>>> print(open('target-v3.pdb').read())   # PDB, C-alpha atoms, pLDDT in the B column
ATOM      1  CA  GLY A   1      20.626 -12.690  10.688  1.00 80.00           C
ATOM      2  CA  ASP A   2      17.832 -13.566   8.319  1.00 85.00           C
ATOM      3  CA  SER A   3      17.402 -11.371   5.255  1.00 90.00           C
ATOM      4  CA  VAL A   4      15.465 -10.940   2.017  1.00 94.00           C
ATOM      5  CA  THR A   5      16.812  -9.627  -1.289  1.00 95.00           C
ATOM      6  CA  GLN A   6      14.640  -8.513  -4.191  1.00 94.00           C
ATOM      7  CA  MET A   7      15.476  -7.465  -7.697  1.00 86.00           C
ATOM      8  CA  GLU A   8      15.831  -3.736  -8.050  1.00 84.00           C
ATOM      9  CA  GLY A   9      13.168  -1.746  -9.762  1.00 84.00           C
ATOM     10  CA  PRO A  10      11.451  -0.027 -11.220  1.00 94.00           C
ATOM     11  CA  VAL A  11      10.043  -2.660 -13.527  1.00 96.00           C
ATOM     12  CA  THR A  12       8.111  -1.203 -16.452  1.00 97.00           C
ATOM     13  CA  LEU A  13       5.919  -3.475 -18.561  1.00 97.00           C
ATOM     14  CA  SER A  14       3.216  -3.166 -21.149  1.00 97.00           C
ATOM     15  CA  GLU A  15      -0.232  -4.462 -20.359  1.00 97.00           C
ATOM     16  CA  GLU A  16      -0.573  -8.247 -20.838  1.00 96.00           C
ATOM     17  CA  ALA A  17       3.181  -8.804 -20.518  1.00 97.00           C
ATOM     18  CA  PHE A  18       4.632 -11.557 -18.347  1.00 97.00           C
ATOM     19  CA  LEU A  19       5.937 -10.513 -14.942  1.00 97.00           C
ATOM     20  CA  THR A  20       8.720 -11.957 -12.841  1.00 97.00           C
ATOM     21  CA  ILE A  21      10.061 -10.304  -9.705  1.00 97.00           C
ATOM     22  CA  ASN A  22      12.959 -12.206  -8.169  1.00 97.00           C
ATOM     23  CA  CYS A  23      13.268 -12.771  -4.431  1.00 97.00           C
ATOM     24  CA  THR A  24      15.900 -14.733  -2.535  1.00 97.00           C
ATOM     25  CA  TYR A  25      16.251 -15.180   1.186  1.00 96.00           C
ATOM     26  CA  THR A  26      18.734 -16.154   3.857  1.00 94.00           C
ATOM     27  CA  ALA A  27      17.398 -17.917   6.912  1.00 90.00           C
ATOM     28  CA  THR A  28      18.765 -20.231   9.569  1.00 84.00           C
ATOM     29  CA  GLY A  29      15.477 -21.969  10.259  1.00 79.00           C
ATOM     30  CA  TYR A  30      12.365 -22.765   8.260  1.00 82.00           C
ATOM     31  CA  PRO A  31      10.624 -19.489   7.567  1.00 90.00           C
ATOM     32  CA  SER A  32       7.297 -18.790   5.963  1.00 91.00           C
ATOM     33  CA  LEU A  33       7.477 -16.620   2.857  1.00 94.00           C
ATOM     34  CA  PHE A  34       5.145 -13.855   1.778  1.00 95.00           C
ATOM     35  CA  TRP A  35       4.525 -11.374  -0.997  1.00 97.00           C
ATOM     36  CA  TYR A  36       2.888  -8.113   0.013  1.00 96.00           C
ATOM     37  CA  VAL A  37       1.637  -5.345  -2.286  1.00 96.00           C
ATOM     38  CA  GLN A  38       1.454  -1.641  -1.545  1.00 94.00           C
ATOM     39  CA  TYR A  39      -0.741   0.639  -3.633  1.00 92.00           C
ATOM     40  CA  PRO A  40      -0.036   4.383  -3.615  1.00 87.00           C
ATOM     41  CA  GLY A  41      -0.878   6.027  -0.316  1.00 83.00           C
ATOM     42  CA  GLU A  42      -1.856   2.784   1.365  1.00 86.00           C
ATOM     43  CA  GLY A  43      -0.425   0.253   3.769  1.00 88.00           C
ATOM     44  CA  LEU A  44       0.853  -3.170   2.765  1.00 92.00           C
ATOM     45  CA  GLN A  45      -1.578  -5.966   1.951  1.00 93.00           C
ATOM     46  CA  LEU A  46      -0.837  -9.651   1.796  1.00 93.00           C
ATOM     47  CA  LEU A  47      -0.820 -10.916  -1.788  1.00 97.00           C
ATOM     48  CA  LEU A  48       0.136 -14.562  -1.233  1.00 96.00           C
ATOM     49  CA  LYS A  49       2.115 -16.805   1.058  1.00 94.00           C
ATOM     50  CA  ALA A  50       3.803 -20.226   1.314  1.00 94.00           C
ATOM     51  CA  THR A  51       4.632 -21.935   4.564  1.00 90.00           C
ATOM     52  CA  LYS A  52       6.893 -24.807   3.561  1.00 90.00           C
ATOM     53  CA  ALA A  53       9.176 -25.993   0.793  1.00 93.00           C
ATOM     54  CA  ASP A  54       7.539 -26.629  -2.608  1.00 95.00           C
ATOM     55  CA  ASP A  55       4.334 -24.872  -1.554  1.00 95.00           C
ATOM     56  CA  LYS A  56       2.866 -22.590  -4.206  1.00 97.00           C
ATOM     57  CA  GLY A  57       1.030 -19.470  -3.133  1.00 96.00           C
ATOM     58  CA  SER A  58      -1.397 -17.885  -5.546  1.00 97.00           C
ATOM     59  CA  ASN A  59      -3.856 -15.007  -5.637  1.00 96.00           C
ATOM     60  CA  LYS A  60      -5.322 -12.699  -8.294  1.00 95.00           C
ATOM     61  CA  GLY A  61      -3.300 -14.391 -11.031  1.00 97.00           C
ATOM     62  CA  PHE A  62      -0.015 -14.029  -9.151  1.00 98.00           C
ATOM     63  CA  GLU A  63       1.996 -17.104  -8.153  1.00 98.00           C
ATOM     64  CA  ALA A  64       5.165 -17.876  -6.226  1.00 98.00           C
ATOM     65  CA  THR A  65       6.744 -21.202  -5.298  1.00 98.00           C
ATOM     66  CA  TYR A  66       8.823 -21.774  -2.158  1.00 97.00           C
ATOM     67  CA  ARG A  67      12.131 -23.188  -3.430  1.00 96.00           C
ATOM     68  CA  LYS A  68      14.275 -24.334  -0.554  1.00 93.00           C
ATOM     69  CA  GLU A  69      17.104 -25.609  -2.753  1.00 94.00           C
ATOM     70  CA  THR A  70      17.609 -22.190  -4.329  1.00 95.00           C
ATOM     71  CA  THR A  71      16.289 -20.185  -1.340  1.00 96.00           C
ATOM     72  CA  SER A  72      13.969 -18.312  -3.666  1.00 97.00           C
ATOM     73  CA  PHE A  73      10.359 -17.178  -3.846  1.00 98.00           C
ATOM     74  CA  HIS A  74       9.980 -15.456  -7.219  1.00 98.00           C
ATOM     75  CA  LEU A  75       6.700 -13.700  -8.006  1.00 98.00           C
ATOM     76  CA  GLU A  76       5.111 -14.317 -11.421  1.00 98.00           C
ATOM     77  CA  LYS A  77       2.023 -13.290 -13.318  1.00 98.00           C
ATOM     78  CA  GLY A  78       1.181 -14.339 -16.817  1.00 96.00           C
ATOM     79  CA  SER A  79      -0.549 -11.151 -17.978  1.00 96.00           C
ATOM     80  CA  VAL A  80      -0.257  -7.918 -16.021  1.00 97.00           C
ATOM     81  CA  GLN A  81      -2.824  -5.147 -15.982  1.00 97.00           C
ATOM     82  CA  VAL A  82      -2.483  -1.413 -15.416  1.00 96.00           C
ATOM     83  CA  SER A  83      -4.182  -1.945 -12.053  1.00 95.00           C
ATOM     84  CA  ASP A  84      -1.240  -4.123 -10.936  1.00 97.00           C
ATOM     85  CA  SER A  85       0.993  -1.059 -10.786  1.00 96.00           C
ATOM     86  CA  ALA A  86       2.241  -0.963  -7.198  1.00 96.00           C
ATOM     87  CA  VAL A  87       5.224  -1.747  -5.006  1.00 95.00           C
ATOM     88  CA  TYR A  88       5.758  -5.440  -4.269  1.00 97.00           C
ATOM     89  CA  PHE A  89       7.561  -6.670  -1.149  1.00 96.00           C
ATOM     90  CA  CYS A  90       8.926 -10.116  -0.490  1.00 96.00           C
ATOM     91  CA  ALA A  91       9.072 -11.064   3.194  1.00 94.00           C
ATOM     92  CA  LEU A  92       9.878 -13.904   5.521  1.00 91.00           C
ATOM     93  CA  SER A  93       8.612 -14.772   8.961  1.00 88.00           C
ATOM     94  CA  GLU A  94      11.122 -16.356  11.306  1.00 80.00           C
ATOM     95  CA  GLY A  95       9.461 -19.474  12.637  1.00 72.00           C
ATOM     96  CA  ASP A  96      10.839 -19.337  16.149  1.00 71.00           C
ATOM     97  CA  THR A  97      10.627 -15.598  16.846  1.00 74.00           C
ATOM     98  CA  GLY A  98       7.728 -14.347  14.758  1.00 73.00           C
ATOM     99  CA  LYS A  99       9.925 -11.590  13.378  1.00 81.00           C
ATOM    100  CA  LEU A 100       8.771 -10.367   9.963  1.00 84.00           C
ATOM    101  CA  ILE A 101      11.553  -9.229   7.642  1.00 89.00           C
ATOM    102  CA  PHE A 102      10.977  -7.455   4.327  1.00 91.00           C
ATOM    103  CA  GLY A 103      12.968  -6.998   1.165  1.00 93.00           C
ATOM    104  CA  GLN A 104      13.517  -3.507  -0.182  1.00 91.00           C
ATOM    105  CA  GLY A 105      10.484  -3.568  -2.468  1.00 93.00           C
ATOM    106  CA  THR A 106      10.152  -3.528  -6.250  1.00 95.00           C
ATOM    107  CA  THR A 107       8.100  -0.904  -8.035  1.00 95.00           C
ATOM    108  CA  LEU A 108       6.036  -2.207 -10.926  1.00 97.00           C
ATOM    109  CA  GLN A 109       4.618   0.165 -13.505  1.00 96.00           C
ATOM    110  CA  VAL A 110       2.293  -1.240 -16.155  1.00 97.00           C
ATOM    111  CA  LYS A 111       1.575   0.923 -19.176  1.00 96.00           C
ATOM    112  CA  PRO A 112      -1.526   0.597 -21.350  1.00 94.00           C
TER     113      PRO A 112
ATOM    114  CA  ASP B 113     -12.893  -5.535  13.018  1.00 66.00           C
ATOM    115  CA  ALA B 114     -11.739  -2.192  11.586  1.00 79.00           C
ATOM    116  CA  GLY B 115      -8.214  -3.417  11.045  1.00 93.00           C
ATOM    117  CA  VAL B 116      -5.058  -1.853  12.411  1.00 96.00           C
ATOM    118  CA  ILE B 117      -5.697   1.792  13.182  1.00 96.00           C
ATOM    119  CA  GLN B 118      -2.945   4.373  13.204  1.00 97.00           C
ATOM    120  CA  SER B 119      -3.117   8.020  14.139  1.00 97.00           C
ATOM    121  CA  PRO B 120      -2.485  10.600  13.008  1.00 97.00           C
ATOM    122  CA  ARG B 121      -2.396   9.924   9.266  1.00 95.00           C
ATOM    123  CA  HIS B 122      -0.203  12.949   8.695  1.00 96.00           C
ATOM    124  CA  GLU B 123       2.023  14.862  11.070  1.00 97.00           C
ATOM    125  CA  VAL B 124       4.099  17.937  10.363  1.00 98.00           C
ATOM    126  CA  THR B 125       6.314  19.148  13.149  1.00 97.00           C
ATOM    127  CA  GLU B 126       9.290  21.357  13.717  1.00 97.00           C
ATOM    128  CA  MET B 127      12.720  20.018  14.433  1.00 97.00           C
ATOM    129  CA  GLY B 128      13.253  19.490  18.145  1.00 97.00           C
ATOM    130  CA  GLN B 129       9.621  18.815  18.944  1.00 97.00           C
ATOM    131  CA  GLU B 130       8.316  15.606  20.449  1.00 97.00           C
ATOM    132  CA  VAL B 131       6.235  13.405  18.165  1.00 98.00           C
ATOM    133  CA  THR B 132       3.974  10.551  19.269  1.00 98.00           C
ATOM    134  CA  LEU B 133       2.524   8.056  16.826  1.00 98.00           C
ATOM    135  CA  ARG B 134      -0.278   5.769  17.896  1.00 98.00           C
ATOM    136  CA  CYS B 135      -1.451   2.309  16.930  1.00 98.00           C
ATOM    137  CA  LYS B 136      -4.415   0.125  17.774  1.00 98.00           C
ATOM    138  CA  PRO B 137      -3.819  -3.463  16.654  1.00 97.00           C
ATOM    139  CA  ILE B 138      -6.486  -5.918  15.606  1.00 95.00           C
ATOM    140  CA  SER B 139      -8.219  -7.417  18.626  1.00 94.00           C
ATOM    141  CA  GLY B 140      -6.751 -10.788  19.563  1.00 91.00           C
ATOM    142  CA  HIS B 141      -3.453 -10.249  17.782  1.00 92.00           C
ATOM    143  CA  ASP B 142      -0.492 -10.618  20.105  1.00 89.00           C
ATOM    144  CA  TYR B 143       2.350  -9.523  17.850  1.00 91.00           C
ATOM    145  CA  LEU B 144       2.787  -5.845  17.048  1.00 94.00           C
ATOM    146  CA  PHE B 145       5.404  -4.411  14.703  1.00 94.00           C
ATOM    147  CA  TRP B 146       6.579  -0.864  14.011  1.00 96.00           C
ATOM    148  CA  TYR B 147       8.176  -0.189  10.613  1.00 95.00           C
ATOM    149  CA  ARG B 148       9.636   2.901   8.988  1.00 96.00           C
ATOM    150  CA  GLN B 149       9.531   3.385   5.227  1.00 93.00           C
ATOM    151  CA  THR B 150      11.739   5.779   3.269  1.00 92.00           C
ATOM    152  CA  MET B 151      12.807   5.979  -0.341  1.00 86.00           C
ATOM    153  CA  MET B 152      16.445   5.495   0.560  1.00 86.00           C
ATOM    154  CA  ARG B 153      16.187   2.637   3.057  1.00 86.00           C
ATOM    155  CA  GLY B 154      12.944   0.922   2.139  1.00 86.00           C
ATOM    156  CA  LEU B 155      10.915  -0.770   4.882  1.00 89.00           C
ATOM    157  CA  GLU B 156      12.823  -1.106   8.151  1.00 91.00           C
ATOM    158  CA  LEU B 157      11.649  -3.007  11.212  1.00 92.00           C
ATOM    159  CA  LEU B 158      12.110  -0.734  14.212  1.00 96.00           C
ATOM    160  CA  ILE B 159      10.734  -2.839  17.065  1.00 95.00           C
ATOM    161  CA  TYR B 160       8.225  -5.581  17.717  1.00 93.00           C
ATOM    162  CA  PHE B 161       6.231  -6.751  20.703  1.00 94.00           C
ATOM    163  CA  ASN B 162       4.806 -10.102  21.737  1.00 91.00           C
ATOM    164  CA  ASN B 163       2.048 -10.012  24.352  1.00 93.00           C
ATOM    165  CA  ASN B 164       2.891  -6.359  25.060  1.00 95.00           C
ATOM    166  CA  VAL B 165       6.549  -7.144  25.765  1.00 95.00           C
ATOM    167  CA  PRO B 166       9.281  -5.694  23.506  1.00 95.00           C
ATOM    168  CA  ILE B 167      11.112  -8.615  21.915  1.00 91.00           C
ATOM    169  CA  ASP B 168      13.575  -6.961  19.567  1.00 91.00           C
ATOM    170  CA  ASP B 169      14.318  -3.246  19.424  1.00 94.00           C
ATOM    171  CA  SER B 170      17.574  -3.550  17.511  1.00 92.00           C
ATOM    172  CA  GLY B 171      16.093  -1.583  14.634  1.00 92.00           C
ATOM    173  CA  MET B 172      15.398   1.514  16.691  1.00 95.00           C
ATOM    174  CA  PRO B 173      17.820   4.021  15.186  1.00 88.00           C
ATOM    175  CA  GLU B 174      18.709   6.083  18.231  1.00 87.00           C
ATOM    176  CA  ASP B 175      17.833   6.794  21.818  1.00 92.00           C
ATOM    177  CA  ARG B 176      15.561   9.532  20.536  1.00 96.00           C
ATOM    178  CA  PHE B 177      13.168   6.762  19.557  1.00 97.00           C
ATOM    179  CA  SER B 178      11.104   4.871  22.102  1.00 97.00           C
ATOM    180  CA  ALA B 179       8.088   2.569  21.890  1.00 98.00           C
ATOM    181  CA  LYS B 180       5.627   1.302  24.444  1.00 97.00           C
ATOM    182  CA  MET B 181       2.750  -1.086  24.548  1.00 97.00           C
ATOM    183  CA  PRO B 182       0.906  -0.535  27.848  1.00 97.00           C
ATOM    184  CA  ASN B 183      -1.868  -2.967  26.940  1.00 95.00           C
ATOM    185  CA  ALA B 184      -2.967  -5.340  24.208  1.00 95.00           C
ATOM    186  CA  SER B 185      -4.935  -2.692  22.342  1.00 95.00           C
ATOM    187  CA  PHE B 186      -2.552   0.253  22.196  1.00 96.00           C
ATOM    188  CA  SER B 187       1.028   1.096  21.283  1.00 98.00           C
ATOM    189  CA  THR B 188       2.973   4.310  20.830  1.00 98.00           C
ATOM    190  CA  LEU B 189       6.146   5.253  19.023  1.00 98.00           C
ATOM    191  CA  LYS B 190       7.731   8.435  20.312  1.00 98.00           C
ATOM    192  CA  ILE B 191      10.508  10.535  18.826  1.00 97.00           C
ATOM    193  CA  GLN B 192      12.067  13.127  21.115  1.00 97.00           C
ATOM    194  CA  PRO B 193      13.580  15.363  19.877  1.00 96.00           C
ATOM    195  CA  SER B 194      12.578  14.971  16.252  1.00 97.00           C
ATOM    196  CA  GLU B 195      14.967  15.707  13.364  1.00 97.00           C
ATOM    197  CA  PRO B 196      14.379  16.261   9.627  1.00 97.00           C
ATOM    198  CA  ARG B 197      15.953  12.863   8.835  1.00 95.00           C
ATOM    199  CA  ASP B 198      13.136  11.208  10.783  1.00 97.00           C
ATOM    200  CA  SER B 199      10.738  12.216   8.018  1.00 97.00           C
ATOM    201  CA  ALA B 200       9.206   8.980   6.727  1.00 97.00           C
ATOM    202  CA  VAL B 201       6.054   6.901   6.697  1.00 96.00           C
ATOM    203  CA  TYR B 202       5.691   4.864   9.877  1.00 97.00           C
ATOM    204  CA  PHE B 203       3.633   1.694   9.747  1.00 96.00           C
ATOM    205  CA  CYS B 204       2.212  -0.411  12.515  1.00 96.00           C
ATOM    206  CA  ALA B 205       1.270  -4.048  11.871  1.00 94.00           C
ATOM    207  CA  SER B 206      -0.171  -6.859  13.977  1.00 93.00           C
ATOM    208  CA  SER B 207      -0.522 -10.632  13.713  1.00 90.00           C
ATOM    209  CA  PHE B 208      -1.563 -13.735  15.627  1.00 85.00           C
ATOM    210  CA  SER B 209       1.046 -15.662  17.534  1.00 71.00           C
ATOM    211  CA  VAL B 210       0.314 -18.758  15.527  1.00 59.00           C
ATOM    212  CA  MET B 211       3.247 -19.436  13.257  1.00 62.00           C
ATOM    213  CA  ASN B 212       3.144 -18.576   9.591  1.00 62.00           C
ATOM    214  CA  THR B 213       0.239 -16.174   9.732  1.00 75.00           C
ATOM    215  CA  GLU B 214       0.183 -12.899   7.879  1.00 84.00           C
ATOM    216  CA  ALA B 215       0.658  -9.472   9.393  1.00 88.00           C
ATOM    217  CA  PHE B 216      -2.003  -6.820   8.870  1.00 91.00           C
ATOM    218  CA  PHE B 217      -0.817  -3.281   8.298  1.00 93.00           C
ATOM    219  CA  GLY B 218      -2.284   0.057   9.211  1.00 94.00           C
ATOM    220  CA  GLN B 219      -2.522   2.918   6.732  1.00 93.00           C
ATOM    221  CA  GLY B 220       0.639   4.493   8.084  1.00 94.00           C
ATOM    222  CA  THR B 221       1.548   7.884   9.515  1.00 97.00           C
ATOM    223  CA  ARG B 222       3.395  10.236   7.192  1.00 96.00           C
ATOM    224  CA  LEU B 223       5.750  12.275   9.356  1.00 98.00           C
ATOM    225  CA  THR B 224       7.404  15.420   8.084  1.00 98.00           C
ATOM    226  CA  VAL B 225       9.927  17.180  10.301  1.00 98.00           C
ATOM    227  CA  VAL B 226      10.823  20.668   9.093  1.00 97.00           C
TER     228      VAL B 226
END
>>> encode(input="target-v3.pdb", output="structure tokens")
Amino acid sequence: GDSVTQMEGPVTLSEEAFLTINCTYTATGYPSLFWYVQYPGEGLQLLLKATKADDKGSNKGFEATYRKETTSFHLEKGSVQVSDSAVYFCALSEGDTGKLIFGQGTTLQVKP
Amino acid sequence: DAGVIQSPRHEVTEMGQEVTLRCKPISGHDYLFWYRQTMMRGLELLIYFNNNVPIDDSGMPEDRFSAKMPNASFSTLKIQPSEPRDSAVYFCASSFSVMNTEAFFGQGTRLTVV
């Protein structure tokens, strides 16, 4: 079945450092891809999404590009802040079933 | 809309007791998902519904787990009997049936079975 794999965390960075969190997927169809963020004690919130190949999702300085040839959707941010500390989840939505599948999550800790 | 509403936010129960978690999806959404989150296993999809009908319950761990959606505005996840290894945060999420739309999550229910 379809699946999502993320780089293992935790990822610890200093403020203003560059962030990359890797995400690759396996899918039989043409899924949509998402990044969700979870702050401590809260539910997941959508950060950005891309619905077809070569689409770039962006929000709050974060970006990710849907790469069909490498089946990847890596999350990047040029300059992280302490407030970005959270758990980040990559996910895909199966186009024909609506099923939403998540990766295992990557914890990001940004130090001042 | 108030978003996806889950209750209770916290539940502590003794092993062997029945536990019922509740979810009210966003009005108009016709997909509803139940997830379980633990440190060891991450975020697992337990079951999801489309138009109140269970579509895929392959993630439900055991027969002790059951889920219902009697109408478009309410769903329950029941564990009977509960065990300490069921301790986790349980999330409910809902989305539109239109393809490629995001899912909205509730705040979760933190279940502790002692």
>>> residues_around(input="target-v3.pdb", residues="Pro10 of chain A", least_positions_apart="6", cutoff="9 Å", atoms="only C-alpha atoms", output="list of chain:residue names")
A:Val87, A:Thr106, A:Thr107, A:Leu108, A:Gln109
>>> write_last_selection(input="target-v3.pdb", atoms="C-alpha atoms", output="short mmCIF file (atom, residue, chain, number, x, y, z; two decimals), in the coordinates of the input")
data_model
loop_
_atom_site.label_atom_id
_atom_site.label_comp_id
_atom_site.auth_asym_id
_atom_site.auth_seq_id
_atom_site.Cartn_x
_atom_site.Cartn_y
_atom_site.Cartn_z
CA VAL A 87 5.22 -1.75 -5.01
CA THR A 106 10.15 -3.53 -6.25
CA THR A 107 8.10 -0.90 -8.04
CA LEU A 108 6.04 -2.21 -10.93
CA GLN A 109 4.62 0.16 -13.50
#
>>> interface_residues(input="target-v3.pdb", of="chain B", to="chain A", cutoff="9 Å", atoms="only C-alpha atoms", output="ChimeraX atom specification")
/B:143,145,153-157,160,162,167-168,203,209-220
>>> atom_distance(input="target-v3.pdb", atom1="atom CA of Ser139 of chain B", atom2="atom CA of Phe186 of chain B")
10.2 Å
>>> atom_distance(input="target-v3.pdb", atom1="atom CA of Lys180 of chain B", atom2="atom CA of Gly128 of chain B")
20.7 Å
>>> atom_distance(input="target-v3.pdb", atom1="atom CA of Ala184 of chain B", atom2="atom CA of Ser206 of chain B")
10.7 Å
>>> closest_residue(input="target-v3.pdb", among="A:Arg67, A:Ala86, A:Phe62, A:Val110", to="Tyr39 of chain A", atoms="all atoms listed in the file")
A:Ala86
>>> resolve_selection(input="target-v3.pdb", expression="the PyMOL selection byres ((chain A and resi 68) around 12)", output="list of chain:residue names")
A:Thr24, A:Tyr25, A:Thr26, A:Ala27, A:Thr28, A:Gly29, A:Tyr30, A:Pro31, A:Ser32, A:Leu33, A:Ala50, A:Thr51, A:Lys52, A:Ala53, A:Asp54, A:Asp55, A:Thr65, A:Tyr66, A:Arg67, A:Glu69, A:Thr70, A:Thr71, A:Ser72, A:Phe73, A:His74
>>> write_last_selection(input="target-v3.pdb", atoms="C-alpha atoms", output="PDB file, keeping the file's coordinate frame")
ATOM      1  CA  THR A  24      15.900 -14.733  -2.535  1.00 97.00           C
ATOM      2  CA  TYR A  25      16.251 -15.180   1.186  1.00 96.00           C
ATOM      3  CA  THR A  26      18.734 -16.154   3.857  1.00 94.00           C
ATOM      4  CA  ALA A  27      17.398 -17.917   6.912  1.00 90.00           C
ATOM      5  CA  THR A  28      18.765 -20.231   9.569  1.00 84.00           C
ATOM      6  CA  GLY A  29      15.477 -21.969  10.259  1.00 79.00           C
ATOM      7  CA  TYR A  30      12.365 -22.765   8.260  1.00 82.00           C
ATOM      8  CA  PRO A  31      10.624 -19.489   7.567  1.00 90.00           C
ATOM      9  CA  SER A  32       7.297 -18.790   5.963  1.00 91.00           C
ATOM     10  CA  LEU A  33       7.477 -16.620   2.857  1.00 94.00           C
ATOM     11  CA  ALA A  50       3.803 -20.226   1.314  1.00 94.00           C
ATOM     12  CA  THR A  51       4.632 -21.935   4.564  1.00 90.00           C
ATOM     13  CA  LYS A  52       6.893 -24.807   3.561  1.00 90.00           C
ATOM     14  CA  ALA A  53       9.176 -25.993   0.793  1.00 93.00           C
ATOM     15  CA  ASP A  54       7.539 -26.629  -2.608  1.00 95.00           C
ATOM     16  CA  ASP A  55       4.334 -24.872  -1.554  1.00 95.00           C
ATOM     17  CA  THR A  65       6.744 -21.202  -5.298  1.00 98.00           C
ATOM     18  CA  TYR A  66       8.823 -21.774  -2.158  1.00 97.00           C
ATOM     19  CA  ARG A  67      12.131 -23.188  -3.430  1.00 96.00           C
ATOM     20  CA  GLU A  69      17.104 -25.609  -2.753  1.00 94.00           C
ATOM     21  CA  THR A  70      17.609 -22.190  -4.329  1.00 95.00           C
ATOM     22  CA  THR A  71      16.289 -20.185  -1.340  1.00 96.00           C
ATOM     23  CA  SER A  72      13.969 -18.312  -3.666  1.00 97.00           C
ATOM     24  CA  PHE A  73      10.359 -17.178  -3.846  1.00 98.00           C
ATOM     25  CA  HIS A  74       9.980 -15.456  -7.219  1.00 98.00           C
TER      26      HIS A  74
END
>>> closest_residue(input="target-v3.pdb", among="B:Leu133, B:Met151, B:Asn163, B:Ile138", to="Gln192 of chain B", atoms="only C-alpha atoms")
B:Leu133
>>> closest_residue(input="target-v3.pdb", among="B:Val226, B:Ile117, B:Cys204, B:Val165", to="Tyr147 of chain B", atoms="all atoms listed in the file")
B:Cys204
>>> residues_around(input="target-v3.pdb", residues="Tyr202 of chain B", least_positions_apart="2", cutoff="8 Å", atoms="only C-alpha atoms", output="list in words")
Trp146, Tyr147, Arg148, Gln149, Ala200, Cys204, Gly220, Thr221, Arg222 and Leu223 of chain B
>>> closest_residue(input="target-v3.pdb", among="B:Thr224, B:Asn183, B:Ser207, B:Thr132", to="Gly115 of chain B", atoms="only C-alpha atoms")
B:Ser207
>>> resolve_selection(input="target-v3.pdb", expression="the PyMOL selection byres ((chain A and resi 17) around 9)", output="list of chain:residue names")
A:Leu13, A:Ser14, A:Glu15, A:Glu16, A:Phe18, A:Leu19, A:Lys77, A:Gly78, A:Ser79, A:Val80, A:Gln81, A:Val110
>>> residues_around(input="target-v3.pdb", residues="Gln129 of chain B", least_positions_apart="5", cutoff="10 Å", atoms="all atoms listed in the file", output="NGL selection string")
:B and (191-195 or 225)
>>> axis_aligned_box(input="target-v3.pdb", around="segment 134-151 of chain B", padding_each_side="6 Å", output="JSON")
{"center_x": 2.3, "center_y": -2.4, "center_z": 9.9, "size_x": 33.0, "size_y": 28.8, "size_z": 32.4}
>>> residues_near_point(input="target-v3.pdb", point="(14.1, 8.1, 21.8)", cutoff="7 Å", atoms="all atoms listed in the file", output="PyMOL selection string")
chain B and resi 174-178+190-192
>>> write_last_selection(input="target-v3.pdb", atoms="C-alpha atoms", output="PDB file, in the coordinates of the input")
ATOM      1  CA  GLU B 174      18.709   6.083  18.231  1.00 87.00           C
ATOM      2  CA  ASP B 175      17.833   6.794  21.818  1.00 92.00           C
ATOM      3  CA  ARG B 176      15.561   9.532  20.536  1.00 96.00           C
ATOM      4  CA  PHE B 177      13.168   6.762  19.557  1.00 97.00           C
ATOM      5  CA  SER B 178      11.104   4.871  22.102  1.00 97.00           C
ATOM      6  CA  LYS B 190       7.731   8.435  20.312  1.00 98.00           C
ATOM      7  CA  ILE B 191      10.508  10.535  18.826  1.00 97.00           C
ATOM      8  CA  GLN B 192      12.067  13.127  21.115  1.00 97.00           C
TER       9      GLN B 192
END
>>> closest_residue(input="target-v3.pdb", among="A:Leu75, A:Ala64, A:Ala91, A:Val82", to="Thr12 of chain A", atoms="all atoms listed in the file")
A:Val82
>>> closest_residue(input="target-v3.pdb", among="B:Arg197, B:Ser170, B:Ala205, B:Leu189", to="Met152 of chain B", atoms="all atoms listed in the file")
B:Arg197
>>> build_atoms(input="target-v3.pdb", residues="segment 181-190 of chain B", atoms="N, CA and C atoms", output="PDB file, keeping the file's coordinate frame")
ATOM      1  N   MET B 181       4.011  -0.395  24.786  1.00 97.00           N
ATOM      2  CA  MET B 181       2.750  -1.086  24.548  1.00 97.00           C
ATOM      3  C   MET B 181       2.141  -1.366  25.922  1.00 97.00           C
ATOM      4  N   PRO B 182       1.425  -0.407  26.484  1.00 97.00           N
ATOM      5  CA  PRO B 182       0.906  -0.535  27.848  1.00 97.00           C
ATOM      6  C   PRO B 182      -0.178  -1.592  28.002  1.00 97.00           C
ATOM      7  N   ASN B 183      -0.866  -1.903  26.903  1.00 95.00           N
ATOM      8  CA  ASN B 183      -1.868  -2.967  26.940  1.00 95.00           C
ATOM      9  C   ASN B 183      -2.028  -3.567  25.548  1.00 95.00           C
ATOM     10  N   ALA B 184      -2.855  -4.580  25.456  1.00 95.00           N
ATOM     11  CA  ALA B 184      -2.967  -5.340  24.208  1.00 95.00           C
ATOM     12  C   ALA B 184      -3.613  -4.554  23.077  1.00 95.00           C
ATOM     13  N   SER B 185      -4.198  -3.409  23.376  1.00 95.00           N
ATOM     14  CA  SER B 185      -4.935  -2.692  22.342  1.00 95.00           C
ATOM     15  C   SER B 185      -4.330  -1.328  22.000  1.00 95.00           C
ATOM     16  N   PHE B 186      -3.106  -1.078  22.441  1.00 96.00           N
ATOM     17  CA  PHE B 186      -2.552   0.253  22.196  1.00 96.00           C
ATOM     18  C   PHE B 186      -1.027   0.236  22.245  1.00 96.00           C
ATOM     19  N   SER B 187      -0.427   0.934  21.285  1.00 98.00           N
ATOM     20  CA  SER B 187       1.028   1.096  21.283  1.00 98.00           C
ATOM     21  C   SER B 187       1.371   2.494  20.802  1.00 98.00           C
ATOM     22  N   THR B 188       2.493   3.011  21.272  1.00 98.00           N
ATOM     23  CA  THR B 188       2.973   4.310  20.830  1.00 98.00           C
ATOM     24  C   THR B 188       4.425   4.223  20.409  1.00 98.00           C
ATOM     25  N   LEU B 189       4.766   5.056  19.444  1.00 98.00           N
ATOM     26  CA  LEU B 189       6.146   5.253  19.023  1.00 98.00           C
ATOM     27  C   LEU B 189       6.436   6.737  19.196  1.00 98.00           C
ATOM     28  N   LYS B 190       7.437   7.043  20.005  1.00 98.00           N
ATOM     29  CA  LYS B 190       7.731   8.435  20.312  1.00 98.00           C
ATOM     30  C   LYS B 190       9.116   8.805  19.808  1.00 98.00           C
TER      31      LYS B 190
END
